[in-house]
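Heads up, the thing below is written out as structure tokens.
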Amino acid sequence: MIPRLGLTRTVVRPNYALIARDGYVPSVLPGWTNCTPCVLLSAAIGAELVQLLIECKQGGRGKVETGTREWVCYLVSGEGTLNGHSVVAGSYAYVPPDSTIDFASSVEGTQLLVFEKIYECAGDLTPPKFLVGHERELAESAFLGDPRARLKTLLPDSLAWDLAVNIFTYDPGATLPFVETHVMEHGMLFLNGSGVYRLDEDWHPVTAGDALWIASYCPQWFIAAGPEPARYIYYKDVNRAPL
């Protein structure tokens with residue numbers, strides 16, 4: 001076998017990071033048994049969120065108190081239960097602060113994606129209640145009028161929510177319509193397909209299994225490439241005045 005000689009697409013910069021699947025490193029976290037969490041994003045990289053991908057064996061379980069944090073969970077593959085609700089690939093849940101996450105995997109190879117952040121109080125707004133659903137229940141909308149770039153919003157759009165989690169699908173050759181530069185931070189996981197992401201002044205090939213962190217005001221643009229649609233799920237902070 002020819003050695004890989006230290007080659008990887010993973011790159012970490014001050015205002016963005018691409019973590020390729022070959023660079024994932026397993027962790028051990030309290031509350032998770034028969035599970036392998038990978039910490040993809042955290043404050044250590046400069047992010048204001050935590051992004052985890054947790055791979056579970058059959059019978060794997062996680063039981064965690066959220067404390068001041070809110071969690072959005074998305075089942076990438078497999079099936080199981082989350083807070084008593086049956087979940088399958090494509091299911092998602094919002095778990096508010098001061099509550100418990102109780103997840104159990106019923107099949108080998110289940111993958112649970114987590115976006116986690118501290119809930120930002122504002123005025124008399126209170127955190128939303130627990131929510132669970134499946135992406136197939138959600139309609140796609142053309143992004144800025146382009147039917148080849150379609151968006152699903154997993155969480156309601158109201159001021160009580162200080163985060164959004166969406167799924168973006170691009171037909172081959174479809175693009176973001178312009179180079180975005182905005183105050184929102186992103187955490188992201190590519191689910192299907194491939195393409196090229198512009199981050200700051202750099203261009204990176206991306207594919208299913210890649211994780212991305214994009215800091216505030218980092219210029220970004222994407223084009224889908226390859227024979228199948230490209231899909232990614234992403235987090236952004238919303239509905240709060242910047243400090």
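Ligands are numbered from 1 in the order shown, residues from 1 within each chain, and chains are lettered A, B, ... in the order they appear in the structure tokens.
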With only C-alpha atoms counted and 10 Å as the cut-off, give the residues of stretch 44-75 of chain A in contact with stretch 11-23 of chain A, each with its shortest interatomic distance in Å and the pair that gives it, as JSON lines.
{"residue": "A:Ile45", "atom": "CA", "partner": "A:Pro14", "partner_atom": "CA", "distance": 8.1}
{"residue": "A:Gly46", "atom": "CA", "partner": "A:Pro14", "partner_atom": "CA", "distance": 7.5}
{"residue": "A:Ala47", "atom": "CA", "partner": "A:Asn15", "partner_atom": "CA", "distance": 9.1}
Per-residue nearest contacts stretch 66-166 of chain A to stretch 222-237 of chain A, cut-off 12 Å, using only C-alpha atoms, as CSV:
residue,atom,partner,partner_atom,distance
A:Trp71,CA,A:Tyr235,CA,11.1
A:Val72,CA,A:Tyr235,CA,9.1
A:Cys73,CA,A:Tyr235,CA,11.1
A:Tyr74,CA,A:Ile233,CA,9.0
A:Leu75,CA,A:Ile233,CA,11.2
A:Val76,CA,A:Ile233,CA,9.9
A:Gly90,CA,A:Ile233,CA,10.7
A:Tyr92,CA,A:Ile233,CA,11.2
A:Leu113,CA,A:Ile233,CA,9.7
A:Val114,CA,A:Tyr235,CA,10.0
A:Phe115,CA,A:Tyr235,CA,7.1
A:Glu116,CA,A:Tyr235,CA,9.6
A:Lys117,CA,A:Asp237,CA,9.3
A:Ile118,CA,A:Asp237,CA,10.8
A:Tyr119,CA,A:Asp237,CA,10.2
A:Glu120,CA,A:Asp237,CA,9.9
A:Glu135,CA,A:Ile233,CA,11.0
A:Arg148,CA,A:Pro229,CA,9.4
A:Ala149,CA,A:Ala224,CA,9.6
A:Arg150,CA,A:Arg231,CA,9.5
A:Leu151,CA,A:Arg231,CA,9.8
A:Lys152,CA,A:Ile233,CA,9.3
A:Thr153,CA,A:Ile233,CA,9.8
A:Leu154,CA,A:Ile233,CA,9.8
A:Leu155,CA,A:Tyr235,CA,10.6
A:Leu159,CA,A:Asp237,CA,11.6
A:Trp161,CA,A:Asp237,CA,9.0
A:Asp162,CA,A:Asp237,CA,5.9
A:Leu163,CA,A:Asp237,CA,4.4
A:Ala164,CA,A:Lys236,CA,5.4
A:Val165,CA,A:Tyr235,CA,4.5
A:Asn166,CA,A:Tyr234,CA,5.6
Can you list, as an mmCIF file with N, CA and C atoms, in the first residue's frame, every protein, DNA or RNA residue that comes within 6 Å of A:Pro219 when you count only C-alpha atoms, leaving out same-chain residues fewer than 4 positions away?
data_model
loop_
_atom_site.group_PDB
_atom_site.id
_atom_site.type_symbol
_atom_site.label_atom_id
_atom_site.label_comp_id
_atom_site.auth_asym_id
_atom_site.auth_seq_id
_atom_site.Cartn_x
_atom_site.Cartn_y
_atom_site.Cartn_z
ATOM 1 N N GLU A 180 -21.757 35.591 -0.499
ATOM 2 C CA GLU A 180 -22.376 36.104 0.717
ATOM 3 C C GLU A 180 -21.308 36.544 1.721
ATOM 4 N N THR A 181 -21.588 37.656 2.397
ATOM 5 C CA THR A 181 -20.716 38.148 3.472
ATOM 6 C C THR A 181 -21.643 38.703 4.547
ATOM 7 N N LEU A 199 -14.306 29.987 0.268
ATOM 8 C CA LEU A 199 -14.257 30.469 1.638
ATOM 9 C C LEU A 199 -13.150 31.502 1.723
ATOM 10 N N ASP A 200 -13.529 32.747 2.030
ATOM 11 C CA ASP A 200 -12.601 33.866 1.976
ATOM 12 C C ASP A 200 -12.069 33.967 0.546
#
Atom CA of A:Gly187 to atom CA of A:Leu49: how many Å, to one decimal?
->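 Between atom CA of A:Gly187 and atom CA of A:Leu49 the gap is 7.7 Å.
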Residues near A:Ala208, cut-off 8 Å, only C-alpha atoms, skip fewer than 4 positions along chain, as a PyMOL selection string = chain A and resi 189-194
N, CA and C atoms of the current selection, written as a PDB file, in the first residue's frame:
ATOM      1  N   LEU A 189     -22.670  20.409   7.741  1.00  0.00           N
ATOM      2  CA  LEU A 189     -22.257  19.055   7.396  1.00  0.00           C
ATOM      3  C   LEU A 189     -22.816  18.731   6.013  1.00  0.00           C
ATOM      4  N   PHE A 190     -21.943  18.297   5.094  1.00  0.00           N
ATOM      5  CA  PHE A 190     -22.392  17.869   3.778  1.00  0.00           C
ATOM      6  C   PHE A 190     -22.987  16.475   3.886  1.00  0.00           C
ATOM      7  N   LEU A 191     -24.196  16.321   3.331  1.00  0.00           N
ATOM      8  CA  LEU A 191     -24.935  15.070   3.419  1.00  0.00           C
ATOM      9  C   LEU A 191     -24.825  14.230   2.158  1.00  0.00           C
ATOM     10  N   ASN A 192     -24.850  14.866   0.994  1.00  0.00           N
ATOM     11  CA  ASN A 192     -24.827  14.145  -0.288  1.00  0.00           C
ATOM     12  C   ASN A 192     -24.134  14.991  -1.336  1.00  0.00           C
ATOM     13  N   GLY A 193     -23.592  14.308  -2.346  1.00  0.00           N
ATOM     14  CA  GLY A 193     -23.061  15.004  -3.491  1.00  0.00           C
ATOM     15  C   GLY A 193     -21.725  15.675  -3.220  1.00  0.00           C
ATOM     16  N   SER A 194     -21.371  16.595  -4.109  1.00  0.00           N
ATOM     17  CA  SER A 194     -20.073  17.258  -4.018  1.00  0.00           C
ATOM     18  C   SER A 194     -20.155  18.605  -4.708  1.00  0.00           C
TER      19      SER A 194
END
If you run DSSP over the backbone, which residues in stretch 11-229 of chain A end up strand (DSSP E)? Put them as a PyMOL selection string.
-> chain A and resi 11-13+16-19+32-41+50-65+69-77+79-82+85-88+91-95+100-105+110-118+131-134+141-143+146-153+163-170+186-192+194-199+202-207+211-214+220-225
Option closest in space to A:Glu108, from A:Ala139, A:Cys35, A:Cys121, A:Ile167 [counting only C-alpha atoms] =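 Closest to A:Glu108, using only C-alpha atoms: A:Cys35.
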Minimum-distance residue to A:Asn83, chosen among A:Asp171, A:Asp102, A:Glu48, A:Glu140 (using only C-alpha atoms) =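 Closest to A:Asn83, using only C-alpha atoms: A:Asp102.
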Identify which of the residues A:Pro97, A:Pro205, A:Pro26, A:Gly80 lies closest to A:Leu112, counting only C-alpha atoms when measuring atom-to-atom distances.
-> A:Gly80
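The closest residue to A:Asp157, picked from A:Ala89, A:Asn239, A:Thr207, A:Glu201 and counting only C-alpha atoms, is A:Asn239.
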